[in-house]
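Novice: There's a structure below that I have some questions on.
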Amino acid sequence: MSDILEIINTRDPHETEFVQAVVEVLDSVKPVLDQNPHYRQAAVLERIVEPERIVTFRVPWTDDQGNVNVNRGFCVKMNSAIGPYKTALRFHPSVNQSILKFLAFEQVFKNALTTMPLGGGAGGSDFDPKGKSDDEMMRFCQSFMRELYLLIGVNTDIVAGDIGVGSREIGYLFGMYKKLSNEFAGALTGKGLNWGGSLVRAQAAGYGCVYFAAEMMATRNMTFEGQVCLVSGSGNVAQHTAEKLIELGAKVVTLSDSAGYIYDPEGIDKTKLAFVKRLKNFRRGRIEEYVDNYPGAIFTQVDLSHHRSNPLWTHRASCAFPCATQNEINEEDAYALINNNVKLVCEGANMPCTPEASAIFLRKPILYAPGKAANAGGVAVSGLEMVQNSQRLKWLAEEVDERLRIIMKGIHATCLEAAEAYGTPGNYLNGANIAGFTKVVDAMIDQGVV
C-alpha cells in the first residue's frame with residue numbers, strides 16, 4: 001500500500017483531497033488484496049488510482065457589464081470498467097484538479113454500489129455562480145458546453161449536477177448540448193420534467209440518504225419518530241434529507257450555508273422548509289433570512305476559514321446528516337457529536353468527514369455511513385432517468401420512489417455483507433469500499449490491461 005501512496009504523493013504532491021479519498025479506500029481493501037493475490041499481480045491499485053483521461057479547457061464568458069471573464073474547465077474521466085462515465089459537475093471557486101479527482105474516485109465506487117452499469121467521473125469549473133444573473137449563468141454554461149460536448153454522450157459520459165449546478169444550469173447546459181450535437185439525447189440527467197427528466201430525481205439524493213439511514217436504524221430496532229436531527233447545508237441534498245426526515249416524524253433543527261447556520265429549537269416543519277426552498281432555489285438568498293420569518297430561530301455566523309470547528313455540531317441531537325461539502329466535520333466536531341450522545345452519522349455530502357473524524361465515529365458504538373453508500377440515491381435515479389429516456393417513457397413518482405427505496409435497501413445489505421465477509425462486521429465504511437472495489441477491479445481484470 002505504501003508504494004502506491006508514495007507514487008501518488010510524488011506524482012501529485014498537492015492533491016490532498018484526492019490522496020485522502022485514496023487512503024480511505026486502501027485502508028479498507030487491504031484484506032481483499034491479501035486474500036486475492038491476483039489483484040496485486042494485475043496491478044489493479046496502480047491502475048484504479050490513475051484517471052483514464054483528464055481534460056482541461058478555457059471557458060471565456062461575458063458578464064452583464066460587457067467584461068470578458070475566463071475560467072478553467074475540467075473533465076476527469078476516472079474509470080469506465082463497468083459502464084460509461086457518470087460525471088458530476090461542480091461550479092465553485094474551490095474547484096481544482098485534486099477536488100475533481102477525489103469526486104471522480106468516489107463516484108467510481110458509489111456508482112458500482114447502485115448496481116447500475118455506470119463508470120465514474122467528475123467535471124466542473126472554478127466559476128462562482130453566487131450573485132450571477134440568469135443571463136450570466138446562461139452565457140457561462142453555453143461556453144462551458146462548447147468544450148464539454150466533445151467529451152460526453154449517452155454511451156460515453158453522462159453528466160449530472162453537483163454543487164453550483166442545479167436545474168437552471170442543467171437547462172442551459174442541455175440546451176447548448178442539443179444545439180451543438182444536433183440530437184435530443186439523455187447525455188445529461190437532472191433534466192426538467194417537460195424535457196426528459198424523471199420524477200423524484202431532484203429529491204433522490206436526500207431521500208436516498210434517509211432511506212439508507214432508516215435501514216441502519218432498523219438494525220438497532222430504532223425509527224426516526226421523535227429523533228432530533230442536525231442537517232448541514234441548504235442545497236438540494238440538505239433540503240430533501242430534511243423533507244424525508246420530517247415526513248418520517250423526526251425533528252430537524254439546523255440548516256446552513258457558507259455564511260453560517262440556523263438553529264430552530266421548535267423544529268423545521270414543512271411550511272418552514274417550503275420557505276427555505278423558495279429562498280435558496282428561486283430567490284437564491286442566504287439562510288440567515290430564515291430568522292426574519294421565524295424569529296424563534298437563531299442564526300450563527302460561521303467562517304470556517306477562521307474557526308477550528310463548526311458550532312452547528314455542538315447542538316444536542318440523536319442523528320447528524322452532513323450534507324454540505326467535503327471535510328466539514330473535523331476531529332473537534334466529531335467529539336462534540338459523540339459527547340452529545342449522537343446515535344447516527346449519515347453522510348449526505350461527498351466525504352464530509354475528515355479522516356480523524358471518521359476514525360472517531362468508527363471507534364464508537366454509533367451508526368456511521370459513508371457518502372459513497374448513503375448518498376448514492378442521486379446517481380441511482382439518474383440511472384433510472386436514463387432508462388426512461390431510452391424507453392421513451394415516464395414512470396410515476398411512486399414507482400421511481402419505490403425503486404429508489406429498493407436500491408438503497410440493497411446497498412445497505414451489500415455493505416453489511418462485504419464488511420462481514422472481510423472481518424469487520426457492522427463497518428459500513430469498509431463494506432462500501434470493499435463491495436465497490438471488488439466489482440470494479442473484477443471488470444478491469446476481465447477486460448485486460450487497457
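If you're wondering about the labels, chains in the C-alpha cells are A, B, ... by order shown, residues count from 1 in each chain, ligands from 1 in order shown.
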Per residue of region 253-308 of chain A within 10 Å of region 324-333 of chain A, note the shortest atom pair and the distance in Å to one decimal, counting only C-alpha atoms, and order the rows by chain and increasing residue number, as CSV.

Specialist:
```
residue,atom,partner,partner_atom,distance
A:Leu255,CA,A:Ala324,CA,9.4
A:Ser256,CA,A:Ala324,CA,7.9
A:Asp257,CA,A:Ala324,CA,7.7
A:Ser258,CA,A:Ala324,CA,8.9
A:Leu304,CA,A:Glu328,CA,8.6
A:Arg308,CA,A:Glu332,CA,7.7
```

Novice: Which residues in region 85-192 of chain A does DSSP call strand (DSSP E)? List them as a list in words.

Specialist: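 Listing strand (DSSP E) positions across region 85-192 of chain A yields Tyr85, Lys86, Thr87, Ala88, Leu89, Arg90, Phe91, Gly119, Gly120, Gly121, Ala122, Gly123, Gly124, Ser125, Asp157, Ile158, Val159, Ala160 and Gly161 of chain A.
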
Novice: I want to know what sits within 6 Å of region 259-275 of chain A, based on only C-alpha atoms, with residues of the same chain fewer than 4 positions away left out; could you give that as a list in words?

Specialist: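 The contact residues come out as Lys251, Val252, Val253, Thr254, Leu255, Ala297, Ile298, Phe299, Thr300, Gln301 and Val302 of chain A.
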
Novice: Those selected residues, please, written with C-alpha atoms and delivered as a short mmCIF file (atom, residue, chain, number, x, y, z; two decimals), in the first residue's frame.

Specialist:
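Done, and the output landed in selection_26.cif:
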```cif
data_model
loop_
_atom_site.label_atom_id
_atom_site.label_comp_id
_atom_site.auth_asym_id
_atom_site.auth_seq_id
_atom_site.Cartn_x
_atom_site.Cartn_y
_atom_site.Cartn_z
CA LYS A 251 -37.37 16.93 14.28
CA VAL A 252 -34.86 18.78 12.09
CA VAL A 253 -33.35 21.75 13.91
CA THR A 254 -30.50 23.06 11.71
CA LEU A 255 -29.66 24.08 8.15
CA ALA A 297 -34.72 30.54 15.35
CA ILE A 298 -31.14 31.73 15.85
CA PHE A 299 -28.63 32.46 13.11
CA THR A 300 -24.95 31.97 13.92
CA GLN A 301 -22.36 33.36 11.54
CA VAL A 302 -19.57 30.88 10.89
#
```

Novice: Quick one: residues within 8 Å of Ala88 (chain A), only C-alpha atoms, excluding same-chain residues fewer than 6 positions away - as a list in words?

Specialist: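 Near neighbours after the sequence-gap exclusion: Leu103, Ala104, Gly121, Ala122, Gly123, Gly124, Val159, Ala160, Gly161 and Asp162 of chain A.
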
Novice: Write a file of the just-selected residues containing C-alpha atoms, as a PDB file, in the first residue's frame.

Specialist:
```
ATOM      1  CA  LEU A 103     -15.033  13.292  -6.562  1.00  0.00           C
ATOM      2  CA  ALA A 104     -14.429  11.089  -9.593  1.00  0.00           C
ATOM      3  CA  GLY A 121     -16.083  10.764 -13.443  1.00  0.00           C
ATOM      4  CA  ALA A 122     -16.268  14.388 -12.338  1.00  0.00           C
ATOM      5  CA  GLY A 123     -16.090  17.750 -14.014  1.00  0.00           C
ATOM      6  CA  GLY A 124     -16.665  21.407 -13.426  1.00  0.00           C
ATOM      7  CA  VAL A 159     -23.441  14.400 -16.870  1.00  0.00           C
ATOM      8  CA  ALA A 160     -25.421  15.486 -13.795  1.00  0.00           C
ATOM      9  CA  GLY A 161     -25.190  18.347 -11.314  1.00  0.00           C
ATOM     10  CA  ASP A 162     -23.260  18.717  -8.072  1.00  0.00           C
TER      11      ASP A 162
END
```

Novice: Please give the complete set of residues from region 15-170 of chain A that DSSP, run on the backbone, assigns to helix (DSSP H, G or I), formatted as an MDAnalysis selection string.

Specialist: chainID A and resid 16:35 37:41 44:48 97:113 134:148 167:170
